[in-house]
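Below is one structure, written out as structure tokens; the observations come after it.
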Number of protein chains: 4
Amino acid sequence: MSSFRLRDLGIKIGNMPTGPLNAITDVAGVLVGHLTLIEDRPHVVRTGITAILPRDGDIGKDYAFAGFHRFNGCGEMTGIHWLEETGLLSSAIALTNTLQVGMVRDALSEYSWRYSQHGPYFLPVVAETYDGWLNDLSASSLTHQHVFDVMQNVHAGPVAEGNVGGGTGMICYDFKGGIGTSSRLADTKSGSFVVGALVQANHGDRPQLTVAGVPVGRLIDYDKVPSAWDQPPQFSSIIVILATDAPLLPPQCHRLAQRAATGLARTGGTGHNTSGDLFLAFATGNHVPARSEGLIPLKGMLPNDQMDPLIDAAAEAVEEAILNALTAAETMTGQQGRTAHALPVDELKRLMVARQ
Amino acid sequence: MSSFRLRDLGIKIGNMPTGPLNAITDVAGVLVGHLTLIEDRPHVVRTGITAILPRDGDIGKDYAFAGFHRFNGCGEMTGIHWLEETGLLSSAIALTNTLQVGMVRDALSEYSWRYSQHGPYFLPVVAETYDGWLNDLSASSLTHQHVFDVMQNVHAGPVAEGNVGGGTGMICYDFKGGIGTSSRLADTKSGSFVVGALVQANHGDRPQLTVAGVPVGRLIDYDKVPSAWDQPPQFSSIIVILATDAPLLPPQCHRLAQRAATGLARTGGTGHNTSGDLFLAFATGNHVPARSEGLIPLKGMLPNDQMDPLIDAAAEAVEEAILNALTAAETMTGQQGRTAHALPVDELKRLMVARQ
Amino acid sequence: MSSFRLRDLGIKIGNMPTGPLNAITDVAGVLVGHLTLIEDRPHVVRTGITAILPRDGDIGKDYAFAGFHRFNGCGEMTGIHWLEETGLLSSAIALTNTLQVGMVRDALSEYSWRYSQHGPYFLPVVAETYDGWLNDLSASSLTHQHVFDVMQNVHAGPVAEGNVGGGTGMICYDFKGGIGTSSRLADTKSGSFVVGALVQANHGDRPQLTVAGVPVGRLIDYDKVPSAWDQPPQFSSIIVILATDAPLLPPQCHRLAQRAATGLARTGGTGHNTSGDLFLAFATGNHVPARSEGLIPLKGMLPNDQMDPLIDAAAEAVEEAILNALTAAETMTGQQGRTAHALPVDELKRLMVARQ
Amino acid sequence: MSSFRLRDLGIKIGNMPTGPLNAITDVAGVLVGHLTLIEDRPHVVRTGITAILPRDGDIGKDYAFAGFHRFNGCGEMTGIHWLEETGLLSSAIALTNTLQVGMVRDALSEYSWRYSQHGPYFLPVVAETYDGWLNDLSASSLTHQHVFDVMQNVHAGPVAEGNVGGGTGMICYDFKGGIGTSSRLADTKSGSFVVGALVQANHGDRPQLTVAGVPVGRLIDYDKVPSAWDQPPQFSSIIVILATDAPLLPPQCHRLAQRAATGLARTGGTGHNTSGDLFLAFATGNHVPARSEGLIPLKGMLPNDQMDPLIDAAAEAVEEAILNALTAAETMTGQQGRTAHALPVDELKRLMVARQ
């Protein structure tokens with residue numbers, strides 16, 4: 001039982017080159033941290049928090065242009081009224097479970113004005129997916145201190161995937177899901193830019209799962225890998241965070257955010273009724289200081305007719321990030337003895353080879 | 001120092017008749033409750049929670065069509081991704097302060113599945129305005145228990161206004177603000193419907209304040225009633241909740257919600273940058289059960305060409321609700337010895353008479 | 001029977017200074033032209049086209065950031081899918097009647113690639129209001145040549161108001177309406193900017209009309225000025241175009257556009273069901289060339305915390321532009337002997353003086 | 001050189017059953033007509049109009065709930081401000097070329113009040129894609145009479161695909177494109193419903209083309225089938241019209257419309273910058289009469305938790321409709337001797353078999 005990245009298995013998604021880490025942290029200045037909470041008593045806890053901080057953490061003072069897209073709205077992402085009003089991301093981003101998204105939101109704000117040089121965040125962006133099949137949500141196990149802790153432990157470099165952070169207890173296409181990430185390099189006439197994606201993947205039904213065009217979900221035998229469910233969870237969801245170092249303006253960030261739907265669709269997702277499929281994209285290429293006496297100088301704007309490589313990159317990065325969440329996640333047993341099985345990587349490899 | 005309603009002062013807004021209570025509770029089944037927290041030590045606390053429950057509390061099982069409008073987005077209202085996706089209100093609504101809106105949101109959800117026959121609410125609607133000028137927000141004084149308490153204390157009938165519930169520490173047009181409510185009866189070919197508004201009014205600059213067309217804010221002498229501010233608060237905002245018993249569909253609810261901007265504009269508001277001016281309208285005329293095996297029968301739909309009386313009613317009710325918040329609110333002294341003065345009602349009366 | 005501007009009557013709206021022309025053309029580079037078509041046979045024609053060109057006409061090559069807001073959608077404004085996708089205005093704007101808005105749209109595009117150095121416009125912005133009470137719409141009197149003509153006759157400087165261009169046959173608050181314009185100077189820490197508005201005003205019911213807080217519509221005697229209607233028109237509407245020289249980004253343009261609702265509300269409008277109340281704002285402070293090999297340099301961005309003066313300016317300019325349309329418009333008799341009476345300016349002056 | 005449907009080639013998309021015609025006309029009452037204009041002199045004309053009429057043509061008197069989604073906005077679809085304001089489709093729908101979409105819009109309106117018992121349409125829905133690579137757009141060949149003609153020639157039953165109607169001159173994934181249609185049957189607890197799609201497919205780059213997961217676009221040899229382009233067209237686009245007989249409310253129609261992005265993504269589309277990817281869904285299960293004195297009775301509403309089969313059906317129907325457009329379209333030579341090659345169906349079959 002071990003954790004892989006999709007490319008470790010010899011499976012390639014799309015045609016564009018990845019960044020050096022094949023992770024959202026390929027976008028310079030993006031820091032990620034996970035707080036993973038796994039306890040067996042007094043409650044069976046399988047939950048956590050993932051934090052994403054642009055600008056080496058200084059996003060509360062040095063805003064980034066951003067856009068939001070709702071593909072299916074059965075979920076919560078706070079802070080979006082202000083993000084859409086201004087086209088700016090002005091806080092850290094956190095991902096967690098459904099029943100404590102409010103606490104994490106308040107604590108993130110508290111952290112920013114009480115303990116940080118980098119805030120304040122008054123309307124922070126915190127999103128959730130539902131881990132209540134494996135995790136005993138009634139325990140409300142996360143605390144303000146957990147939020148402060150994860151904020152102290154963000155870093156650049158490789159990003160842990162699978163059963164970590166906000167993704168700890170998540171399930172995707174009926175297999176064990178969680179956090180996944182990927183990136184692409186997009187060449188334009190204005191230079192090369194990175195597009196990175198991080199997903200908290202908790203969505204989909206097994207027969208939908210598609211890998212590089214192969215209907216893997218239908219081909220994996222239920223005898224070999226039983227379905228997770230006695231009774232399926234009430235809610236599925238996927239949160240997608242896209243980052244780029246391109247100097248995009250807010251409408252261009254929205255365009256990028258919406259393209260997460262393309263990546264999702266390629267893995268089989270259709271945005272079912274109880275899915276909270278909420279997508280956010282931010283662009284670090286311009287700097288918008290929280291305080292400015294005069295006009296805010298901007299580096300510039302990528303011409304719209306150079307957006308296509310970024311559009312394609314977003315689709316590929318999201319597709320691969322979802323699949324990385326699946327191949328990285330390991331089988332987990334949670335509350336009530338329930339087990340979510342990992343996607344069987346040997347079987348996956350076999351099926352992919354057979355189709356070539 | 002006492003509390004008035006605008007009509008007690010002989011001042012009438014608009015031309016349409018009010019409901020019997022001139023309150024949002026004129027819409028049958030709408031219950032309102034306030035939790036008001038006023039403490040002087042260890043912290044100076046001036047905050048609270050206002051809860052609004054359609055359907056005699058049964059909104060978590062018997063949804064109502066709803067719409068949302070963002071006039072200016074510097075604020076938080078949770079639950080809106082799902083509300084906009086489905087056009088349904090499926091939870092109680094709560095109004096509170098900025099830094100604990102997340103806690104109230106989680107607690108409202110917890111209440112619904114732990115203690116109530118009426119839930120569950122997984123994506124509840126909770127909104128905030130900023131009371132940090134009078135209230136020591138660093139105390140984070142509100143608790144889950146306060147949320148449970150307010151949910152136990154909602155009722156039909158007259159609604160307390162001014163320094164109560166979520167409105168306790170609020171300031172409006174530089175005078176003491178808070179909760180206000182009003183209603184109108186709208187006659188259509190399909191019958192007469194009630195449109196009720198409840199506002200948590202914390203917005204605006206004194207020179208903007210306009211009452212029935214009279215620029216009251218400019219006419220009241222600063223010598224007689226000094227400005228509240230040594231240093232103005234960072235954020236202003238107004239939350240508007242509109243209710244009607246008309247059988248409106250979701251797009252019609254959105255139309256109603258947007259008309260809150262008309263009522264706001266008539267009192268002088270323009271939606272300044274740091275204002276969270278978020279409007280929600282729900283309509284109880286149709287019932288959408290949370291669970292249904294077959295098609296959900298609907299009572300029907302008000303023809304769009306009968307919407308105008310409701311549109312006008314929404315504008316009038318919001319205008320008067322804001323003014324009721326002002327005339328009901330009493331002078332309050334809060335943290336750091338700061339005082340927010342009540343709108344001087346004698347002076348208001350004098351000015352209004354002079355203009356007739 | 002003659003044409004006035006509101007300020008000629010000694011009536012002042014708001015508190016901010018106007019630009020030198022008190023017109024949208026106070027924004028440098030904005031050109032306006034009217035094509036007015038008044039014929040009595042073979043058809044009674046009372047219609048026209050108003051063209052607005054930013055950038056001294058070069059908007060097809062040098063785009064401007066822009067935003068759109070729908071206050072009530074019973075109307076057509078073409079080109080908005082692209083404007084919202086990109087946050088850019090990339091064509092001239094034209095205003096005309098309801099039944100030929102398509103022809104004007106096609107002809108504007110044709111003009112741009114056939115006759116102009118300044119195009120092409122592939123998705124031009126053309127809006128309409130309904131003049132079919134005075135104008136015999138069945139005649140479809142406007143032609144491609146009329147569009148070419150108006151595009152040749154745009155100019156800087158004072159803008160004709162009232163019964164001209166697209167406003168020729170329009171009716172507003174049951175009085176003769178049409179084109180109106182106004183402007184404000186907004187001081188910010190980043191300098192002073194102009195906000196100009198141009199409206200094609202064809203909306204509202206007489207009892208709603210409010211001038212600087214005075215319910216003029218209710219106070220003017222029907223005996224003195226009879227109602228226009230034997231049978232009211234099916235549709236009312238107001239198109240608002242806002243321009244500024246401030247370096248606003250697309251979300252800030254949207255904010256400005258939505259504030260037209262505030263100006264509209266102050267004149268009494270509530271956005272009735274059959275009203276097409278569509279608002280567009282563009283900002284010329286940044287230049288976005290249609291073609292660019294590398295990054296597009298931008299001048300910068302007005303900090304959001306400096307938006308308030310522009311927000312207030314937009315509200316005031318729209319309010320006064322509507323009233324200018326009314327005072328400038330002269331009584332007109334159209335098809336079927338129908339007469340739309342001008343707002344009686346002497347009576348207006350008398351009423352306003354009485355209230356001071 | 002002949003025209004096929006994808007299923008004639010033994011290729012199946014998805015897992016759901018089709019309707020009897022595998023066409024949008026499987027939704028009872030939906031009529032479709034094409035006006036195809038192919039001329040070689042004086043101008044090389046390859047254009048047309050496709051009309052879609054719900055309710056056996058009576059949509060102007062018996063409205064249908066509807067929703068719109070913009071996946072990428074480089075295109076025009078008129079009538080959407082009113083459709084989004086009300087959630088209602090109240091006119092016929094027409095699809096045509098980019099430069100005459102305005103004329104078709106005006107003519108559709110004119111037809112409705114001048115010649116039809118079924119109107120009037122004041123704000124008709126007309127969309128476009130760009131056929132200017134094969135078609136000499138400067139000829140402006142379509143006339144009001146062509147619009148009247150197509151409206152007289154709509155019918156139930158099988159729908160012609162490929163080089164017909166609005167799709168005549170269109171190009172898709174660098175192969176000859178045009179009109180395509182498909183349908184699915186969606187079983188719910190409330191019964192079985194049809195979801196039908198009709199597309200005017202003019203989008204995409206050849207390397208993107210994917211058929212049932214197979215990267216056909218990359219596998220077809222350029223030596224065997226050369227690229228269409230000497231110089232690629234400036235604009236690509238896809239218009240999707242979804243219809244269902246389910247009693248969906250407006251937000252549910254929006255959900256369905258957005259799912260067209262899933263079908264598009266599965267064929268390889270990502271929504272490039274110059275693509276006008278505009279999606280509309282309407283639902284005939286409820287009837288909203290244009291005039292009603294009292295409340296409009298509604299049949300009911302499909303519970304949201306029964307939406308998933310329709311969501312999946314929309315994705316499958318759109319995916320197959322796009323592919324039907326490709327397999328039905330035949331090689332066409334147009335202006336300047338340019339040739340757009342049909343997707344080679346033998347090669348397609350060979351590639352698909354090889355992958356099984």
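Chains: A, B, ... in order of the structure tokens. Residues: from 1 per chain. Ligands: from 1, in order shown.
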
Enumerate the residues of range 175-250 of chain A with a DSSP assignment of helix (DSSP H, G or I), computed from the backbone, and present them as a list in words.
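Helix (DSSP H, G or I) assignments inside range 175-250 of chain A correspond to Arg206, Pro207, Gln208, Val216, Gly217, Arg218, Leu219 and Pro250 of chain A.
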
Go through chain B residue by residue and, counting only C-alpha atoms, keep those with an atom at most 7 Å from chain C; for each kept residue give the shortest atom pair and its distance in Å to one decimal, ordered by chain and increasing number, as a Markdown table.
| residue | atom | partner | partner_atom | distance |
| --- | --- | --- | --- | --- |
| B:Gly213 | CA | C:Gly213 | CA | 3.7 |
| B:Val214 | CA | C:Gly213 | CA | 6.2 |
| B:Arg259 | CA | C:Thr270 | CA | 6.9 |
| B:Thr262 | CA | C:Ala265 | CA | 5.2 |
| B:Ala265 | CA | C:Thr262 | CA | 5.2 |
| B:Arg266 | CA | C:Arg266 | CA | 6.0 |
| B:Thr270 | CA | C:Thr262 | CA | 6.3 |
| B:His272 | CA | C:Asp308 | CA | 5.5 |
| B:Asn273 | CA | C:Asp308 | CA | 6.1 |
| B:Asn304 | CA | C:Asn273 | CA | 6.6 |
| B:Asp305 | CA | C:Asn273 | CA | 6.2 |
| B:Met307 | CA | C:Asn273 | CA | 6.4 |
| B:Asp308 | CA | C:His272 | CA | 5.5 |
| B:Ile311 | CA | C:Thr270 | CA | 6.9 |
| B:Asp312 | CA | C:Thr270 | CA | 6.5 |
| B:Arg355 | CA | C:Arg355 | CA | 6.1 |

Taking 6 positions as the minimum chain separation for residues in the same chain, which residues sit within 12 Å of Ile93 in chain C when counting only C-alpha atoms? Answer as a JSON list (two decimals) with N, CA, C and O atoms, in the first residue's frame.
[["chain", "number", "residue", "atom", "x", "y", "z"],
["C", 30, "VAL", "N", -14.30, 61.13, -25.95],
["C", 30, "VAL", "CA", -15.63, 60.58, -26.20],
["C", 30, "VAL", "C", -16.36, 61.46, -27.21],
["C", 30, "VAL", "O", -16.52, 62.67, -27.00],
["C", 31, "LEU", "N", -16.78, 60.84, -28.30],
["C", 31, "LEU", "CA", -17.51, 61.53, -29.36],
["C", 31, "LEU", "C", -18.95, 61.02, -29.38],
["C", 31, "LEU", "O", -19.19, 59.84, -29.13],
["C", 32, "VAL", "N", -19.87, 61.91, -29.68],
["C", 32, "VAL", "CA", -21.28, 61.53, -29.73],
["C", 32, "VAL", "C", -21.89, 62.10, -31.01],
["C", 32, "VAL", "O", -21.54, 63.21, -31.44],
["C", 33, "GLY", "N", -22.74, 61.34, -31.63],
["C", 33, "GLY", "CA", -23.48, 61.83, -32.79],
["C", 33, "GLY", "C", -24.91, 61.34, -32.76],
["C", 33, "GLY", "O", -25.20, 60.29, -32.19],
["C", 34, "HIS", "N", -25.80, 62.12, -33.36],
["C", 34, "HIS", "CA", -27.21, 61.73, -33.43],
["C", 34, "HIS", "C", -27.66, 61.71, -34.89],
["C", 34, "HIS", "O", -27.34, 62.62, -35.67],
["C", 49, "ILE", "N", -30.86, 57.27, -34.24],
["C", 49, "ILE", "CA", -29.71, 56.52, -33.74],
["C", 49, "ILE", "C", -28.77, 57.50, -33.04],
["C", 49, "ILE", "O", -28.51, 58.59, -33.55],
["C", 50, "THR", "N", -28.29, 57.12, -31.89],
["C", 50, "THR", "CA", -27.22, 57.88, -31.22],
["C", 50, "THR", "C", -25.99, 57.00, -31.15],
["C", 50, "THR", "O", -26.08, 55.83, -30.75],
["C", 51, "ALA", "N", -24.86, 57.55, -31.58],
["C", 51, "ALA", "CA", -23.60, 56.80, -31.54],
["C", 51, "ALA", "C", -22.66, 57.43, -30.52],
["C", 51, "ALA", "O", -22.59, 58.65, -30.40],
["C", 52, "ILE", "N", -21.96, 56.57, -29.79],
["C", 52, "ILE", "CA", -21.00, 57.02, -28.78],
["C", 52, "ILE", "C", -19.68, 56.32, -29.08],
["C", 52, "ILE", "O", -19.62, 55.08, -29.08],
["C", 53, "LEU", "N", -18.64, 57.10, -29.32],
["C", 53, "LEU", "CA", -17.34, 56.52, -29.66],
["C", 53, "LEU", "C", -16.26, 57.02, -28.71],
["C", 53, "LEU", "O", -15.90, 58.19, -28.74],
["C", 54, "PRO", "N", -15.72, 56.11, -27.90],
["C", 54, "PRO", "CA", -14.57, 56.49, -27.08],
["C", 54, "PRO", "C", -13.31, 56.61, -27.96],
["C", 54, "PRO", "O", -13.33, 56.23, -29.13],
["C", 57, "GLY", "N", -12.82, 57.87, -31.56],
["C", 57, "GLY", "CA", -13.28, 56.97, -32.61],
["C", 57, "GLY", "C", -12.46, 55.71, -32.78],
["C", 57, "GLY", "O", -12.86, 54.81, -33.50],
["C", 59, "ILE", "N", -11.88, 53.16, -30.88],
["C", 59, "ILE", "CA", -12.16, 52.11, -29.90],
["C", 59, "ILE", "C", -12.01, 50.70, -30.50],
["C", 59, "ILE", "O", -11.73, 49.74, -29.77],
["C", 60, "GLY", "N", -12.16, 50.57, -31.81],
["C", 60, "GLY", "CA", -12.01, 49.25, -32.44],
["C", 60, "GLY", "C", -10.57, 48.77, -32.51],
["C", 60, "GLY", "O", -10.31, 47.59, -32.77],
["C", 77, "MET", "N", -29.26, 44.59, -25.51],
["C", 77, "MET", "CA", -27.99, 45.25, -25.73],
["C", 77, "MET", "C", -27.06, 44.18, -26.26],
["C", 77, "MET", "O", -26.75, 43.23, -25.55],
["C", 78, "THR", "N", -26.70, 44.29, -27.52],
["C", 78, "THR", "CA", -25.86, 43.25, -28.14],
["C", 78, "THR", "C", -24.40, 43.42, -27.69],
["C", 78, "THR", "O", -24.03, 44.45, -27.13],
["C", 79, "GLY", "N", -23.63, 42.40, -27.93],
["C", 79, "GLY", "CA", -22.18, 42.49, -27.70],
["C", 79, "GLY", "C", -21.76, 42.23, -26.26],
["C", 79, "GLY", "O", -20.58, 42.33, -25.94],
["C", 80, "ILE", "N", -22.71, 41.90, -25.40],
["C", 80, "ILE", "CA", -22.41, 41.84, -23.97],
["C", 80, "ILE", "C", -21.75, 40.53, -23.56],
["C", 80, "ILE", "O", -20.99, 40.49, -22.59],
["C", 83, "LEU", "N", -18.16, 41.39, -24.06],
["C", 83, "LEU", "CA", -17.76, 42.43, -23.12],
["C", 83, "LEU", "C", -17.59, 41.85, -21.71],
["C", 83, "LEU", "O", -16.64, 42.17, -21.00],
["C", 101, "VAL", "N", -32.77, 47.19, -33.79],
["C", 101, "VAL", "CA", -31.49, 47.10, -33.09],
["C", 101, "VAL", "C", -30.56, 46.08, -33.77],
["C", 101, "VAL", "O", -29.33, 46.26, -33.82],
["C", 104, "VAL", "N", -29.06, 47.80, -36.93],
["C", 104, "VAL", "CA", -28.03, 48.76, -36.54],
["C", 104, "VAL", "C", -26.77, 48.02, -36.11],
["C", 104, "VAL", "O", -25.65, 48.43, -36.44],
["C", 105, "ARG", "N", -26.94, 46.92, -35.44],
["C", 105, "ARG", "CA", -25.80, 46.10, -35.01],
["C", 105, "ARG", "C", -25.01, 45.58, -36.23],
["C", 105, "ARG", "O", -23.80, 45.70, -36.29],
["C", 108, "LEU", "N", -23.34, 48.54, -38.07],
["C", 108, "LEU", "CA", -22.19, 49.08, -37.35],
["C", 108, "LEU", "C", -20.98, 48.21, -37.62],
["C", 108, "LEU", "O", -19.86, 48.70, -37.84],
["C", 109, "SER", "N", -21.21, 46.91, -37.61],
["C", 109, "SER", "CA", -20.13, 45.99, -37.93],
["C", 109, "SER", "C", -19.67, 46.20, -39.37],
["C", 109, "SER", "O", -18.47, 46.34, -39.64],
["C", 121, "TYR", "N", -15.31, 45.96, -35.92],
["C", 121, "TYR", "CA", -16.14, 45.53, -34.78],
["C", 121, "TYR", "C", -16.86, 44.27, -35.19],
["C", 121, "TYR", "O", -17.72, 44.31, -36.07],
["C", 123, "LEU", "N", -18.40, 42.22, -32.78],
["C", 123, "LEU", "CA", -19.48, 41.99, -31.81],
["C", 123, "LEU", "C", -19.88, 43.33, -31.19],
["C", 123, "LEU", "O", -19.71, 43.56, -30.00],
["C", 124, "PRO", "N", -20.42, 44.23, -32.00],
["C", 124, "PRO", "CA", -20.67, 45.60, -31.53],
["C", 124, "PRO", "C", -21.78, 45.70, -30.49],
["C", 124, "PRO", "O", -22.67, 44.85, -30.42],
["C", 125, "VAL", "N", -21.69, 46.77, -29.71],
["C", 125, "VAL", "CA", -22.65, 47.03, -28.65],
["C", 125, "VAL", "C", -23.73, 47.98, -29.15],
["C", 125, "VAL", "O", -23.48, 49.15, -29.42],
["C", 126, "VAL", "N", -24.93, 47.45, -29.29],
["C", 126, "VAL", "CA", -26.06, 48.26, -29.73],
["C", 126, "VAL", "C", -27.24, 47.97, -28.82],
["C", 126, "VAL", "O", -27.57, 46.81, -28.59],
["C", 127, "ALA", "N", -27.86, 49.03, -28.31],
["C", 127, "ALA", "CA", -28.98, 48.87, -27.37],
["C", 127, "ALA", "C", -30.20, 49.60, -27.89],
["C", 127, "ALA", "O", -30.12, 50.43, -28.80],
["C", 128, "GLU", "N", -31.32, 49.30, -27.28],
["C", 128, "GLU", "CA", -32.58, 49.85, -27.79],
["C", 128, "GLU", "C", -33.53, 50.19, -26.67],
["C", 128, "GLU", "O", -33.46, 49.59, -25.59],
["C", 147, "VAL", "N", -26.90, 54.38, -40.42],
["C", 147, "VAL", "CA", -25.85, 54.03, -39.46],
["C", 147, "VAL", "C", -24.51, 54.59, -39.93],
["C", 147, "VAL", "O", -23.76, 55.18, -39.15],
["C", 150, "VAL", "N", -24.47, 58.36, -39.22],
["C", 150, "VAL", "CA", -24.26, 58.82, -37.84],
["C", 150, "VAL", "C", -22.81, 58.60, -37.43],
["C", 150, "VAL", "O", -22.24, 59.40, -36.69],
["C", 151, "MET", "N", -22.22, 57.55, -37.96],
["C", 151, "MET", "CA", -20.82, 57.28, -37.61],
["C", 151, "MET", "C", -19.89, 58.34, -38.20],
["C", 151, "MET", "O", -18.79, 58.57, -37.70],
["C", 154, "VAL", "N", -20.11, 62.01, -35.68],
["C", 154, "VAL", "CA", -19.87, 62.10, -34.24],
["C", 154, "VAL", "C", -18.85, 63.21, -33.99],
["C", 154, "VAL", "O", -18.04, 63.52, -34.85],
["C", 166, "GLY", "N", -31.31, 58.34, -30.99],
["C", 166, "GLY", "CA", -32.09, 57.22, -30.48],
["C", 166, "GLY", "C", -33.22, 57.65, -29.57],
["C", 166, "GLY", "O", -34.20, 56.92, -29.39],
["C", 198, "LEU", "N", -24.57, 59.21, -20.28],
["C", 198, "LEU", "CA", -25.54, 59.51, -21.33],
["C", 198, "LEU", "C", -26.66, 58.50, -21.23],
["C", 198, "LEU", "O", -26.40, 57.29, -21.12],
["C", 239, "ILE", "N", -31.55, 53.06, -21.12],
["C", 239, "ILE", "CA", -30.17, 52.64, -21.38],
["C", 239, "ILE", "C", -29.25, 53.71, -20.78],
["C", 239, "ILE", "O", -29.45, 54.90, -21.01],
["C", 240, "VAL", "N", -28.27, 53.27, -20.00],
["C", 240, "VAL", "CA", -27.30, 54.21, -19.42],
["C", 240, "VAL", "C", -25.90, 53.82, -19.89],
["C", 240, "VAL", "O", -25.50, 52.66, -19.76],
["C", 241, "ILE", "N", -25.21, 54.80, -20.44],
["C", 241, "ILE", "CA", -23.79, 54.63, -20.78],
["C", 241, "ILE", "C", -22.99, 55.56, -19.87],
["C", 241, "ILE", "O", -23.20, 56.77, -19.87],
["C", 242, "LEU", "N", -22.09, 54.97, -19.10],
["C", 242, "LEU", "CA", -21.21, 55.75, -18.23],
["C", 242, "LEU", "C", -19.79, 55.70, -18.78],
["C", 242, "LEU", "O", -19.33, 54.64, -19.22],
["C", 243, "ALA", "N", -19.12, 56.82, -18.75],
["C", 243, "ALA", "CA", -17.73, 56.88, -19.21],
["C", 243, "ALA", "C", -16.90, 57.56, -18.14],
["C", 243, "ALA", "O", -17.39, 58.45, -17.43],
["C", 280, "LEU", "N", -24.06, 50.27, -18.95],
["C", 280, "LEU", "CA", -22.69, 49.94, -19.36],
["C", 280, "LEU", "C", -21.76, 51.07, -18.93],
["C", 280, "LEU", "O", -22.10, 52.24, -19.08],
["C", 281, "ALA", "N", -20.63, 50.71, -18.39],
["C", 281, "ALA", "CA", -19.62, 51.71, -18.03],
["C", 281, "ALA", "C", -18.30, 51.34, -18.67],
["C", 281, "ALA", "O", -17.90, 50.17, -18.65],
["C", 282, "PHE", "N", -17.61, 52.35, -19.23],
["C", 282, "PHE", "CA", -16.26, 52.09, -19.75],
["C", 282, "PHE", "C", -15.30, 53.12, -19.19],
["C", 282, "PHE", "O", -15.71, 54.21, -18.78]]

So which residues of range 93-236 of chain D fall under strand (DSSP E or B) by DSSP, listed as a ChimeraX atom specification?
/D:93-97,125-129,155,162,171-172,175-176,178-188,191-202,211,214,236

For Asn163 in chain C, work out the shell of residues within 7 Å, counting only C-alpha atoms and skipping chain neighbours fewer than 6 positions away, then give it as an NGL selection string.
:C and (169 or 178-179 or 329-330)

Near-range 24-28 of chain A list (8 Å; only C-alpha atoms; drop same-chain fewer than 6 positions) as a PyMOL selection string:
chain A and resi 55+156-159+181-183+194-198+242-245

So how far away is CA of Tyr63 in chain D from CA of Leu95 in chain D, in Å?
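That distance, rounded to one decimal, is 19.3 Å.
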
Can you tell me which residues surround Leu37 in chain C at a distance of at most 6 Å, considering only C-alpha atoms, apart from same-chain residues fewer than 4 positions away, and format the answer as a PyMOL selection string?
chain C and resi 46-48

Between CA of Gly191 in chain B and CA of Thr18 in chain B, what is the distance in Å, rounded to a tenth?
15.6 Å

Give me the residues near Pro232 in chain B as number ranges by chain, where near means some atom within 10 Å (using only C-alpha atoms) and where sequence neighbours in that chain fewer than 6 positions away do not count.
B: 133, 174, 205

Let me make sure I understand: among C:Val353, C:Ser192, C:Thr333, C:His341, which one has the smallest atom-to-atom distance to Gly294 in chain A if we use only C-alpha atoms?
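The shortest atom-to-atom distance to Gly294 in chain A comes from C:Ser192.
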
Take CA of Met301 in chain C and CA of Phe65 in chain A and report the distance between them in Å, one decimal.
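CA of Phe65 in chain A lies at a distance of 11.8 Å from CA of Met301 in chain C.
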
Using only C-alpha atoms, pick whichever of D:Asn324, D:Gln152, D:Thr36, D:Gln234 has the shortest atom-to-atom distance to Leu6 in chain D.
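Looking at the shortest contact to Leu6 in chain D, the residue is D:Asn324.
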